[in-house]
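Undergrad: Dropping in query08.txt, with compact mmCIF, C-alpha atoms (C1' of nucleotides).
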# COMPACT_ATOMS: atom_id res chain seq x y z
CA MET D 1 -24.44 -0.46 39.20
CA LEU D 2 -20.92 -1.04 40.47
CA GLU D 3 -21.64 -4.29 42.24
CA ALA D 4 -21.64 -7.41 40.16
CA PRO D 5 -23.93 -10.15 41.38
CA LEU D 6 -23.83 -11.15 37.70
CA GLY D 7 -27.14 -12.46 36.46
CA LEU D 8 -27.34 -15.79 34.70
CA ARG D 9 -27.20 -14.05 31.35
CA GLU D 10 -23.94 -12.32 32.12
CA ARG D 11 -22.41 -15.42 33.53
CA LYS D 12 -23.31 -17.34 30.41
CA LYS D 13 -21.78 -14.70 28.24
CA LEU D 14 -18.52 -14.86 30.10
CA LYS D 15 -18.59 -18.61 29.90
CA THR D 16 -19.20 -18.56 26.17
CA ARG D 17 -16.42 -16.08 25.67
CA ARG D 18 -14.00 -18.22 27.58
CA ALA D 19 -15.16 -21.35 25.79
CA ILE D 20 -14.52 -19.78 22.41
CA ARG D 21 -11.13 -18.49 23.37
CA SER D 22 -9.91 -21.68 24.88
CA ALA D 23 -11.25 -23.72 21.98
CA ALA D 24 -9.38 -21.41 19.65
CA PHE D 25 -6.07 -21.53 21.46
CA SER D 26 -6.18 -25.26 21.78
CA LEU D 27 -6.79 -25.56 18.04
CA PHE D 28 -4.05 -23.04 17.32
CA ALA D 29 -1.64 -25.12 19.37
CA ASP D 30 -2.53 -28.22 17.37
CA GLN D 31 -2.81 -26.88 13.84
CA GLY D 32 -1.50 -23.35 13.88
CA TYR D 33 -3.42 -20.13 13.58
CA GLU D 34 -3.96 -19.94 9.88
CA ALA D 35 -4.90 -23.57 9.43
CA THR D 36 -7.65 -23.17 12.01
CA THR D 37 -10.95 -21.93 10.62
CA VAL D 38 -13.56 -19.98 12.50
CA ASP D 39 -16.02 -22.76 11.80
CA GLN D 40 -13.78 -25.24 13.56
CA ILE D 41 -13.41 -22.98 16.56
CA ALA D 42 -17.17 -22.48 16.72
CA ALA D 43 -17.74 -26.21 16.47
CA VAL D 44 -15.34 -27.05 19.29
CA ALA D 45 -16.77 -24.25 21.44
CA GLU D 46 -20.25 -25.54 20.61
CA VAL D 47 -21.61 -22.28 19.31
CA SER D 48 -22.66 -21.23 15.83
CA PRO D 49 -20.27 -19.29 13.63
CA SER D 50 -22.61 -16.31 13.92
CA THR D 51 -22.14 -16.35 17.64
CA PHE D 52 -18.40 -16.48 17.25
CA PHE D 53 -18.44 -13.19 15.37
CA ARG D 54 -20.70 -11.64 17.95
CA TYR D 55 -18.07 -12.25 20.59
CA PHE D 56 -14.99 -11.58 18.47
CA PRO D 57 -15.44 -9.24 15.50
CA THR D 58 -12.41 -10.79 13.81
CA LYS D 59 -10.34 -13.89 14.26
CA GLU D 60 -7.41 -11.69 15.23
CA ASP D 61 -9.35 -10.29 18.16
CA LEU D 62 -9.02 -13.65 19.85
CA VAL D 63 -5.34 -12.97 20.26
CA ILE D 64 -5.17 -9.22 20.66
CA SER D 65 -7.20 -8.11 23.70
CA ASP D 66 -5.48 -5.31 25.54
CA ASP D 67 -5.77 -4.69 29.26
CA TYR D 68 -2.68 -2.56 29.28
CA ASP D 69 -3.84 0.77 27.88
CA PRO D 70 -6.33 1.73 30.59
CA LEU D 71 -3.81 0.80 33.24
CA LEU D 72 -1.19 2.93 31.56
CA GLU D 73 -3.58 5.85 31.40
CA ALA D 74 -4.46 5.58 35.06
CA ALA D 75 -0.84 5.22 36.09
CA PHE D 76 0.17 8.24 34.06
CA ARG D 77 -2.59 10.41 35.45
CA ALA D 78 -1.49 9.41 38.93
CA ARG D 79 1.99 10.86 38.49
CA PRO D 80 2.61 14.17 40.31
CA LYS D 81 2.30 17.18 38.05
CA ASP D 82 5.78 18.47 38.83
CA GLU D 83 7.56 15.26 37.94
CA PRO D 84 9.61 15.56 34.74
CA LEU D 85 7.68 14.15 31.81
CA ARG D 86 10.14 11.49 30.84
CA GLN D 87 10.38 10.23 34.37
CA ALA D 88 6.60 10.17 34.70
CA LEU D 89 6.28 8.23 31.48
CA ARG D 90 8.87 5.71 32.49
CA THR D 91 7.23 5.04 35.81
CA ALA D 92 3.77 4.94 34.31
CA MET D 93 4.84 2.35 31.77
CA VAL D 94 6.78 0.01 33.99
CA GLY D 95 4.23 -0.33 36.77
CA PRO D 96 1.24 -1.56 34.78
CA LEU D 97 3.45 -3.85 32.74
CA ARG D 98 4.63 -5.55 35.90
CA GLN D 99 1.00 -5.83 36.94
CA VAL D 100 -0.18 -7.40 33.68
CA LEU D 101 2.80 -9.68 33.67
CA ALA D 102 2.10 -10.94 37.14
CA ALA D 103 -1.49 -11.73 36.25
CA GLU D 104 -1.11 -13.35 32.87
CA ARG D 105 2.50 -14.10 32.11
CA ASP D 106 1.86 -17.38 30.32
CA GLU D 107 -0.96 -16.02 28.23
CA MET D 108 1.28 -13.16 27.23
CA LEU D 109 4.02 -15.50 26.09
CA LEU D 110 1.50 -17.39 24.03
CA ARG D 111 0.16 -14.30 22.38
CA MET D 112 3.64 -13.06 21.62
CA GLU D 113 4.47 -16.38 20.02
CA LEU D 114 1.55 -15.90 17.68
CA TYR D 115 2.66 -12.33 17.15
CA ARG D 116 6.01 -13.56 15.95
CA GLN D 117 4.68 -16.28 13.73
CA VAL D 118 1.52 -14.87 12.20
CA PRO D 119 1.80 -11.83 9.97
CA ALA D 120 -1.87 -10.96 10.33
CA ILE D 121 -1.54 -10.81 14.10
CA ARG D 122 1.61 -8.75 13.88
CA ALA D 123 -0.05 -6.29 11.54
CA ARG D 124 -3.03 -5.99 13.81
CA ALA D 125 -0.93 -5.55 16.92
CA MET D 126 0.98 -2.76 15.23
CA THR D 127 -2.20 -0.82 14.56
CA GLU D 128 -3.14 -1.26 18.20
CA GLN D 129 0.25 0.17 19.04
CA GLN D 130 -0.53 3.20 16.94
CA GLN D 131 -3.72 3.74 18.87
CA THR D 132 -1.82 3.48 22.11
CA SER D 133 0.53 6.15 20.80
CA ALA D 134 -2.29 8.43 19.77
CA ARG D 135 -4.00 8.12 23.15
CA LEU D 136 -0.75 8.73 24.94
CA CYS D 137 -0.16 11.84 22.88
CA ARG D 138 -3.50 13.26 23.94
CA LEU D 139 -2.80 12.34 27.54
CA ILE D 140 0.55 14.07 27.58
CA ALA D 141 -0.81 17.08 25.77
CA GLU D 142 -3.43 17.41 28.49
CA ARG D 143 -0.71 17.46 31.09
CA THR D 144 1.84 19.72 29.47
CA GLY D 145 -0.37 21.86 27.29
CA GLU D 146 1.79 20.90 24.34
CA ASP D 147 0.23 20.46 20.91
CA PRO D 148 -0.90 16.81 20.75
CA ALA D 149 -0.40 16.80 16.97
CA GLY D 150 3.01 18.45 16.94
CA LEU D 151 5.85 16.55 15.34
CA HIS D 152 8.07 16.58 18.38
CA LEU D 153 5.56 15.07 20.77
CA ARG D 154 4.35 12.53 18.25
CA VAL D 155 7.82 11.31 17.48
CA LEU D 156 8.67 11.11 21.14
CA VAL D 157 5.60 9.06 21.96
CA THR D 158 5.73 6.84 18.90
CA THR D 159 9.32 5.93 19.58
CA ILE D 160 8.73 5.30 23.25
CA VAL D 161 5.87 2.97 22.49
CA ALA D 162 7.89 1.26 19.79
CA ALA D 163 10.77 0.80 22.20
CA ALA D 164 8.46 -0.77 24.74
CA GLY D 165 7.04 -3.07 22.09
CA GLU D 166 10.49 -4.16 21.09
CA ALA D 167 11.36 -4.91 24.69
CA VAL D 168 8.31 -7.13 25.06
CA LEU D 169 9.11 -8.87 21.80
CA TYR D 170 12.69 -9.47 22.89
CA TRP D 171 11.49 -10.79 26.20
CA SER D 172 9.17 -13.26 24.50
CA GLU D 173 11.79 -14.41 22.03
CA ARG D 174 13.96 -15.48 24.91
CA GLY D 175 11.09 -17.37 26.44
CA GLY D 176 10.45 -14.88 29.21
CA VAL D 177 13.59 -15.74 31.16
CA ASP D 178 14.59 -12.10 31.63
CA ASP D 179 13.17 -9.58 34.02
CA MET D 180 10.82 -7.75 31.76
CA THR D 181 10.88 -4.48 33.68
CA GLU D 182 14.65 -4.37 33.37
CA LEU D 183 14.41 -4.85 29.63
CA LEU D 184 11.83 -2.12 29.40
CA ASP D 185 14.09 0.16 31.36
CA GLN D 186 16.98 -0.55 29.04
CA ALA D 187 14.82 0.00 25.99
CA LEU D 188 13.57 3.31 27.31
CA ASP D 189 17.13 4.38 28.02
CA VAL D 190 17.76 4.34 24.30
CA VAL D 191 14.96 6.78 23.58
CA ILE D 192 14.73 9.04 26.57
CA GLY D 193 18.16 8.55 28.04
CA PRO D 194 19.01 7.09 31.47
CA MET U 1 22.34 -9.59 -18.44
CA LEU U 2 22.61 -6.01 -17.29
CA GLU U 3 21.42 -4.39 -20.50
CA ALA U 4 17.70 -4.18 -21.06
CA PRO U 5 16.61 -4.16 -24.69
CA LEU U 6 13.35 -5.49 -23.19
CA GLY U 7 11.65 -8.08 -25.37
CA LEU U 8 8.01 -7.72 -26.30
CA ARG U 9 7.05 -10.00 -23.46
CA GLU U 10 8.70 -7.84 -20.84
CA ARG U 11 7.33 -4.65 -22.29
CA LYS U 12 3.83 -6.06 -22.20
CA LYS U 13 4.23 -7.09 -18.61
CA LEU U 14 5.25 -3.62 -17.59
CA LYS U 15 2.35 -2.19 -19.50
CA THR U 16 -0.12 -4.53 -17.86
CA ARG U 17 1.29 -3.71 -14.46
CA ARG U 18 0.90 -0.02 -15.07
CA ALA U 19 -2.58 -0.49 -16.49
CA ILE U 20 -3.71 -2.35 -13.39
CA ARG U 21 -2.22 0.17 -11.03
CA SER U 22 -3.64 3.17 -12.76
CA ALA U 23 -7.05 1.55 -13.07
CA ALA U 24 -6.93 0.85 -9.37
CA PHE U 25 -5.94 4.33 -8.28
CA SER U 26 -8.52 5.94 -10.46
CA LEU U 27 -11.20 3.73 -8.95
CA PHE U 28 -9.89 4.41 -5.46
CA ALA U 29 -10.16 8.12 -6.10
CA ASP U 30 -13.79 7.72 -7.19
CA GLN U 31 -15.10 5.17 -4.73
CA GLY U 32 -12.49 4.74 -2.05
CA TYR U 33 -10.22 1.80 -1.46
CA GLU U 34 -12.52 -0.54 0.37
CA ALA U 35 -15.50 0.00 -1.90
CA THR U 36 -13.40 -0.94 -4.91
CA THR U 37 -13.27 -4.66 -5.66
CA VAL U 38 -10.48 -6.50 -7.38
CA ASP U 39 -12.97 -7.58 -10.03
CA GLN U 40 -13.71 -3.96 -10.84
CA ILE U 41 -10.05 -3.11 -11.09
CA ALA U 42 -9.43 -6.08 -13.35
CA ALA U 43 -12.37 -5.11 -15.53
CA VAL U 44 -11.19 -1.52 -15.98
CA ALA U 45 -7.62 -2.67 -16.63
CA GLU U 46 -9.01 -5.22 -19.10
CA VAL U 47 -7.41 -8.25 -17.57
CA SER U 48 -8.93 -11.22 -15.80
CA PRO U 49 -9.03 -11.31 -12.01
CA SER U 50 -6.57 -14.19 -12.14
CA THR U 51 -4.11 -11.94 -13.90
CA PHE U 52 -4.57 -9.26 -11.32
CA PHE U 53 -3.39 -11.59 -8.60
CA ARG U 54 -0.44 -12.65 -10.69
CA TYR U 55 0.79 -9.08 -10.74
CA PHE U 56 -0.22 -8.09 -7.23
CA PRO U 57 -0.45 -10.87 -4.67
CA THR U 58 -2.81 -8.79 -2.57
CA LYS U 59 -4.90 -5.69 -3.10
CA GLU U 60 -2.70 -3.91 -0.59
CA ASP U 61 0.36 -4.47 -2.73
CA LEU U 62 -1.04 -1.98 -5.20
CA VAL U 63 -0.38 0.73 -2.69
CA ILE U 64 2.70 -0.48 -0.86
CA SER U 65 5.62 -0.91 -3.29
CA ASP U 66 8.87 0.16 -1.76
CA ASP U 67 11.77 1.66 -3.67
CA TYR U 68 13.28 3.13 -0.56
CA ASP U 69 14.91 0.18 1.18
CA PRO U 70 17.50 -0.69 -1.47
CA LEU U 71 18.45 2.97 -1.74
CA LEU U 72 18.86 3.19 2.00
CA GLU U 73 21.04 0.12 2.03
CA ALA U 74 23.29 1.46 -0.71
CA ALA U 75 23.55 4.86 0.92
CA PHE U 76 24.44 3.33 4.26
CA ARG U 77 27.10 1.07 2.79
CA ALA U 78 28.59 4.10 1.11
CA ARG U 79 29.26 5.91 4.37
CA PRO U 80 32.89 5.94 5.52
CA LYS U 81 33.70 3.32 8.11
CA ASP U 82 35.03 5.79 10.63
CA GLU U 83 31.95 7.99 10.63
CA PRO U 84 30.01 7.77 13.90
CA LEU U 85 27.10 5.38 13.49
CA ARG U 86 24.34 7.83 14.27
CA GLN U 87 25.74 10.35 11.85
CA ALA U 88 26.06 7.71 9.15
CA LEU U 89 22.49 6.61 9.70
CA ARG U 90 21.16 10.11 9.54
CA THR U 91 22.92 10.88 6.30
CA ALA U 92 21.98 7.53 4.79
CA MET U 93 18.32 8.10 5.56
CA VAL U 94 17.95 11.66 4.39
CA GLY U 95 19.65 11.30 1.00
CA PRO U 96 17.51 8.53 -0.49
CA LEU U 97 14.38 10.10 0.91
CA ARG U 98 15.13 13.29 -0.94
CA GLN U 99 15.74 11.20 -4.04
CA VAL U 100 12.46 9.28 -3.83
CA LEU U 101 10.63 12.46 -3.04
CA ALA U 102 12.00 14.23 -6.08
CA ALA U 103 10.98 11.38 -8.34
CA GLU U 104 7.51 10.60 -7.07
CA ARG U 105 6.28 13.23 -4.68
CA ASP U 106 2.67 13.16 -5.82
CA GLU U 107 2.42 9.42 -5.80
CA MET U 108 3.84 9.43 -2.30
CA LEU U 109 1.22 11.89 -1.10
CA LEU U 110 -1.46 9.70 -2.59
CA ARG U 111 -0.17 6.57 -0.94
CA MET U 112 0.12 8.30 2.38
CA GLU U 113 -3.45 9.48 2.10
CA LEU U 114 -4.53 5.88 1.73
CA TYR U 115 -2.24 4.98 4.59
CA ARG U 116 -4.08 7.41 6.79
CA GLN U 117 -7.54 6.42 5.75
CA VAL U 118 -7.38 2.65 5.27
CA PRO U 119 -6.59 0.49 8.27
CA ALA U 120 -5.57 -2.46 6.12
CA ILE U 121 -2.98 -0.37 4.32
CA ARG U 122 -1.69 1.04 7.55
CA ALA U 123 -1.32 -2.41 9.03
CA ARG U 124 0.50 -3.64 5.99
CA ALA U 125 2.81 -0.65 5.87
CA MET U 126 3.73 -1.21 9.48
CA THR U 127 4.84 -4.74 8.78
CA GLU U 128 6.95 -3.43 5.93
CA GLN U 129 8.45 -1.03 8.40
CA GLN U 130 9.38 -3.94 10.61
CA GLN U 131 11.18 -5.57 7.74
CA THR U 132 13.05 -2.38 7.06
CA SER U 133 14.11 -2.36 10.70
CA ALA U 134 15.25 -5.96 10.57
CA ARG U 135 17.30 -5.38 7.44
CA LEU U 136 18.82 -2.26 8.90
CA CYS U 137 19.78 -4.16 12.02
CA ARG U 138 21.67 -6.70 9.97
CA LEU U 139 23.32 -3.94 8.00
CA ILE U 140 24.53 -2.12 11.07
CA ALA U 141 25.63 -5.32 12.72
CA GLU U 142 27.80 -6.01 9.67
CA ARG U 143 29.44 -2.66 10.07
CA THR U 144 29.96 -2.50 13.79
CA GLY U 145 30.22 -6.16 14.65
CA GLU U 146 27.46 -5.67 17.20
CA ASP U 147 24.94 -8.43 17.80
CA PRO U 148 22.13 -7.86 15.27
CA ALA U 149 19.63 -9.40 17.66
CA GLY U 150 20.71 -7.54 20.77
CA LEU U 151 18.11 -5.46 22.53
CA HIS U 152 20.07 -2.24 22.32
CA LEU U 153 20.60 -2.27 18.59
CA ARG U 154 17.09 -3.42 17.86
CA VAL U 155 15.52 -0.71 19.95
CA LEU U 156 17.74 1.91 18.41
CA VAL U 157 16.87 0.87 14.88
CA THR U 158 13.18 0.31 15.51
CA THR U 159 12.80 3.72 17.03
CA ILE U 160 14.77 5.44 14.30
CA VAL U 161 12.63 3.85 11.63
CA ALA U 162 9.49 4.67 13.57
CA ALA U 163 10.62 8.28 13.91
CA ALA U 164 11.21 8.50 10.18
CA GLY U 165 7.81 7.02 9.50
CA GLU U 166 6.17 9.54 11.77
CA ALA U 167 7.96 12.36 9.97
CA VAL U 168 6.66 11.18 6.62
CA LEU U 169 3.18 10.81 8.03
CA TYR U 170 3.29 14.31 9.49
CA TRP U 171 4.54 15.66 6.18
CA SER U 172 1.66 14.05 4.33
CA GLU U 173 -0.95 15.21 6.81
CA ARG U 174 0.07 18.77 6.08
CA GLY U 175 -0.23 18.15 2.38
CA GLY U 176 3.49 18.09 1.74
CA VAL U 177 4.02 21.81 2.27
CA ASP U 178 7.02 21.32 4.57
CA ASP U 179 10.54 20.44 3.63
CA MET U 180 10.53 16.75 4.28
CA THR U 181 14.22 16.45 4.96
CA GLU U 182 13.97 19.08 7.66
CA LEU U 183 11.14 17.19 9.30
CA LEU U 184 13.15 13.99 9.14
CA ASP U 185 16.07 15.75 10.75
CA GLN U 186 13.88 17.03 13.54
CA ALA U 187 12.37 13.61 14.07
CA LEU U 188 15.77 11.98 14.25
CA ASP U 189 16.89 14.58 16.75
CA VAL U 190 14.37 13.16 19.18
CA VAL U 191 15.84 9.68 18.99
CA ILE U 192 19.52 10.12 18.38
CA GLY U 193 19.99 13.66 19.57
CA PRO U 194 21.13 16.65 17.51
C1' DC I 1 9.37 -18.83 -41.78
C1' DT I 2 8.08 -22.70 -39.39
C1' DA I 3 7.88 -26.09 -35.41
C1' DG I 4 8.29 -26.79 -30.87
C1' DA I 5 9.36 -25.25 -26.14
C1' DT I 6 8.15 -21.74 -22.71
C1' DT I 7 5.56 -18.30 -20.66
C1' DT I 8 1.35 -15.84 -19.90
C1' DT I 9 -3.48 -15.63 -19.74
C1' DG I 10 -8.49 -16.47 -18.71
C1' DA I 11 -12.10 -19.43 -17.15
C1' DG I 12 -13.96 -21.74 -13.49
C1' DA I 13 -14.45 -23.93 -9.16
C1' DG I 14 -13.38 -23.77 -4.29
C1' DT I 15 -12.09 -21.83 0.42
C1' DT I 16 -12.48 -18.58 4.18
C1' DA I 17 -13.38 -14.48 6.73
C1' DC I 18 -16.89 -11.69 7.45
C1' DT I 19 -21.91 -9.14 7.02
C1' DG I 20 -26.86 -8.81 7.38
C1' DT I 21 -31.44 -10.61 8.24
C1' DC I 22 -34.85 -12.99 10.66
C1' DA I 23 -37.44 -16.20 13.43
C1' DG I 24 -37.31 -18.70 17.57
C1' DA I 25 -35.24 -19.80 22.21
C1' DA I 26 -33.89 -18.24 26.69
C1' DG I 27 -33.09 -15.10 30.62
C1' DA I 28 -35.16 -10.88 33.01
C1' DC I 29 -38.87 -8.77 35.31
C1' DA I 30 -43.60 -7.53 36.79
C1' DT G 1 -47.50 -16.68 34.82
C1' DG G 2 -46.97 -13.73 30.85
C1' DT G 3 -44.60 -10.20 28.50
C1' DC G 4 -40.40 -7.80 27.16
C1' DT G 5 -35.72 -7.85 25.90
C1' DT G 6 -31.65 -10.05 24.61
C1' DC G 7 -29.09 -13.90 22.61
C1' DT G 8 -28.71 -17.44 19.36
C1' DG G 9 -28.55 -20.21 15.07
C1' DA G 10 -29.75 -20.87 10.27
C1' DC G 11 -29.20 -18.96 5.97
C1' DA G 12 -27.84 -16.24 2.15
C1' DG G 13 -24.48 -13.26 0.32
C1' DT G 14 -19.89 -10.80 -0.63
C1' DA G 15 -15.03 -10.32 -1.55
C1' DA G 16 -10.28 -11.65 -1.31
C1' DC G 17 -7.67 -14.98 -2.37
C1' DT G 18 -5.93 -20.01 -4.25
C1' DC G 19 -5.55 -23.86 -7.60
C1' DT G 20 -5.96 -26.12 -11.84
C1' DC G 21 -6.00 -26.53 -16.63
C1' DA G 22 -6.32 -25.58 -21.42
C1' DA G 23 -5.72 -22.03 -24.92
C1' DA G 24 -3.13 -18.13 -26.61
C1' DA G 25 0.95 -15.38 -27.13
C1' DT G 26 5.89 -14.91 -27.28
C1' DC G 27 10.45 -16.73 -27.80
C1' DT G 28 14.05 -19.79 -29.96
C1' DA G 29 16.20 -23.17 -33.28
C1' DG G 30 16.67 -24.87 -37.49
How does the structure come out when it is put into structure tokens?
TA:
Amino acid sequence: MLEAPLGLRERKKLKTRRAIRSAAFSLFADQGYEATTVDQIAAVAEVSPSTFFRYFPTKEDLVISDDYDPLLEAAFRARPKDEPLRQALRTAMVGPLRQVLAAERDEMLLRMELYRQVPAIRARAMTEQQQTSARLCRLIAERTGEDPAGLHLRVLVTTIVAAAGEAVLYWSERGGVDDMTELLDQALDVVIGP
Amino acid sequence: MLEAPLGLRERKKLKTRRAIRSAAFSLFADQGYEATTVDQIAAVAEVSPSTFFRYFPTKEDLVISDDYDPLLEAAFRARPKDEPLRQALRTAMVGPLRQVLAAERDEMLLRMELYRQVPAIRARAMTEQQQTSARLCRLIAERTGEDPAGLHLRVLVTTIVAAAGEAVLYWSERGGVDDMTELLDQALDVVIGP
DNA sequence: CTAGATTTTGAGAGTTACTGTCAGAAGACA
DNA sequence: TGTCTTCTGACAGTAACTCTCAAAATCTAG
């Protein structure tokens, strides 16, 4: 159940997924996101358009994919119960970000470039951000017993997540030359104080 | 130039615009946003689909429309130069909101209901929010001489706008029974302190 | 009030993202 | 090997746009 010898079927699925994604990104690089049609991507990846949509429900999903949220959740749950909330949040956010960054820095820069240039992607990413906020609210409420739907908590979380998003955006605009965790720290200072 | 005797042409345009919008909202109320097609709206409003798109570039634009930003800008510019920035912002945000609320409370509740229920609207509204943030950054930069693209200012503004948005959302979720300006004040307390 | 310039409109054809269905191909498993 | 399940591609359909063009409505000069 936990082990993954990965049957042929699974391996093929992964391969197809990767093929579609890389076909897509290479086309995006050539022609831009909006000028690239799903049919073209499917053709280059050598699958049918139907198959494309089986792997990615929307064209935007090619770009979005989010490994961060589960990591954040785990990191937050791992914080000691007596740690002050704001401190716990800060630590729980920085760690996983560093982790993701180490693993897929270049991919992240690419996605952020699309985020900046394509309104549809930006819109979609923002709704993902809202979901992150909502999940985080529930998570914190679990820990503190606070009302997860109360105005105070919701504003706190929404702004923290927005601050983090802005830090990542800023980082990408400058081509990733800065230390991302430092930027995130600075951004969080604005909301939750140093 | 400033006066508006409004020729027949202009009057008709306004009328058409209103006809389309009210047709749309009445259909939305009956069938929901997504189940309502542009063709249906055009039919009820007695215009051709082409004309619909001339008045509203996208279906989402029916719901979005934003009177707030210009008011905010004017209110902010009107604050005395020696007032502390955070205080100026707070005042500049609350005033116009009260104004808009007084004029179109019910419409606002309706739009927020769609915001909550329709992902496409939410996504679109979020990108509008980003534009508000960007404009506000420029505005503040003008006043303080700060770098409009600096991380600090951007985070501050983004979070303030996000906090305000969350306050409005909260207000609408509770059916508008609260005093909105109080909620906004509370929300801003989280970001910029009391 | 009429003639001509300008703007607005509707019809129609085309593109693209996406949905649903179904038969056949391909991996899993006994 | 044969059956059972899953994956795939072909196809048809929908809905939001976009573009083009000719006809209709409004505006403006004389």
Undergrad: Taking only C-alpha atoms (C1' of nucleotides) into account, report as a CSV table (one decimal) with C-alpha atoms, keeping the file's coordinate frame which residues of chain U lie within 9 Å of chain I.
TA:
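iface02.csv, written as the output of this step:
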chain,number,residue,atom,x,y,z
U,9,ARG,CA,7.0,-10.0,-23.5
U,47,VAL,CA,-7.4,-8.2,-17.6
U,48,SER,CA,-8.9,-11.2,-15.8
U,49,PRO,CA,-9.0,-11.3,-12.0
U,50,SER,CA,-6.6,-14.2,-12.1
U,51,THR,CA,-4.1,-11.9,-13.9
Undergrad: How far is it from atom CA of Asp61 of chain D to atom CA of Ala162 of chain D, in Å with one decimal?
TA: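 Spanning atom CA of Asp61 of chain D to atom CA of Ala162 of chain D is a straight-line distance of 20.8 Å.
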Undergrad: Would you write out, as JSON lines, a table of all residues in segment 56-136 of chain U that have an atom no more than 12 Å from an atom of segment 3-25 of chain G, listing for each the closest atom pair and the distance in Å to one decimal, considering only C-alpha atoms (C1' of nucleotides) and ordering rows by chain and rising residue number?
TA:
{"residue": "U:Phe56", "atom": "CA", "partner": "G:DC17", "partner_atom": "C1'", "distance": 11.3}
{"residue": "U:Pro57", "atom": "CA", "partner": "G:DC17", "partner_atom": "C1'", "distance": 8.6}
{"residue": "U:Thr58", "atom": "CA", "partner": "G:DC17", "partner_atom": "C1'", "distance": 7.9}
{"residue": "U:Lys59", "atom": "CA", "partner": "G:DA16", "partner_atom": "C1'", "distance": 8.2}
{"residue": "U:Glu60", "atom": "CA", "partner": "G:DA16", "partner_atom": "C1'", "distance": 10.9}
Undergrad: Using only C-alpha atoms (C1' of nucleotides), collect all residues at a distance of at most 10 Å from (-2.0, 7.7, 25.3) as written in the file, then present them as a PyMOL selection string.
TA: chain D and resi 69-70+72-73+76+130-141+157+161
Undergrad: What is the atom CA of Ile41 of chain D to atom CA of Gly175 of chain D distance in Å?
TA: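 Interatomic distance, atom CA of Ile41 of chain D to atom CA of Gly175 of chain D: 27.0 Å.
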Undergrad: Need to verify the contact set: Ala163 of chain U, 7 Å, all atoms listed in the file, exclusion of same-chain residues closer than 6 positions in sequence. Can you return it as a PyMOL selection string?
TA: (chain D and resi 155+159) or (chain U and resi 187-188)
Undergrad: Could you list, as a PyMOL selection string, every residue of chain D that has an atom within 8 Å of an atom of chain U, counting all atoms listed in the file?
TA: chain D and resi 119+122-124+126-127+151-152+154-156+158-160+162-163+166-167+170+186-187+190-192
Undergrad: Emit the selected residues as a PDB file, in the frame of the given file, including C-alpha atoms.
TA:
ATOM      1  CA  PRO D 119       1.800 -11.830   9.970  1.00  0.00           C
ATOM      2  CA  ARG D 122       1.610  -8.750  13.880  1.00  0.00           C
ATOM      3  CA  ALA D 123      -0.050  -6.290  11.540  1.00  0.00           C
ATOM      4  CA  ARG D 124      -3.030  -5.990  13.810  1.00  0.00           C
ATOM      5  CA  MET D 126       0.980  -2.760  15.230  1.00  0.00           C
ATOM      6  CA  THR D 127      -2.200  -0.820  14.560  1.00  0.00           C
ATOM      7  CA  LEU D 151       5.850  16.550  15.340  1.00  0.00           C
ATOM      8  CA  HIS D 152       8.070  16.580  18.380  1.00  0.00           C
ATOM      9  CA  ARG D 154       4.350  12.530  18.250  1.00  0.00           C
ATOM     10  CA  VAL D 155       7.820  11.310  17.480  1.00  0.00           C
ATOM     11  CA  LEU D 156       8.670  11.110  21.140  1.00  0.00           C
ATOM     12  CA  THR D 158       5.730   6.840  18.900  1.00  0.00           C
ATOM     13  CA  THR D 159       9.320   5.930  19.580  1.00  0.00           C
ATOM     14  CA  ILE D 160       8.730   5.300  23.250  1.00  0.00           C
ATOM     15  CA  ALA D 162       7.890   1.260  19.790  1.00  0.00           C
ATOM     16  CA  ALA D 163      10.770   0.800  22.200  1.00  0.00           C
ATOM     17  CA  GLU D 166      10.490  -4.160  21.090  1.00  0.00           C
ATOM     18  CA  ALA D 167      11.360  -4.910  24.690  1.00  0.00           C
ATOM     19  CA  TYR D 170      12.690  -9.470  22.890  1.00  0.00           C
ATOM     20  CA  GLN D 186      16.980  -0.550  29.040  1.00  0.00           C
ATOM     21  CA  ALA D 187      14.820   0.000  25.990  1.00  0.00           C
ATOM     22  CA  VAL D 190      17.760   4.340  24.300  1.00  0.00           C
ATOM     23  CA  VAL D 191      14.960   6.780  23.580  1.00  0.00           C
ATOM     24  CA  ILE D 192      14.730   9.040  26.570  1.00  0.00           C
TER      25      ILE D 192
END
Undergrad: Rounded to one decimal, what separation in Å do you get between atom CA of Ile20 of chain U and atom CA of Ala42 of chain U?
TA: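 Atom CA of Ala42 of chain U lies at a distance of 6.8 Å from atom CA of Ile20 of chain U.
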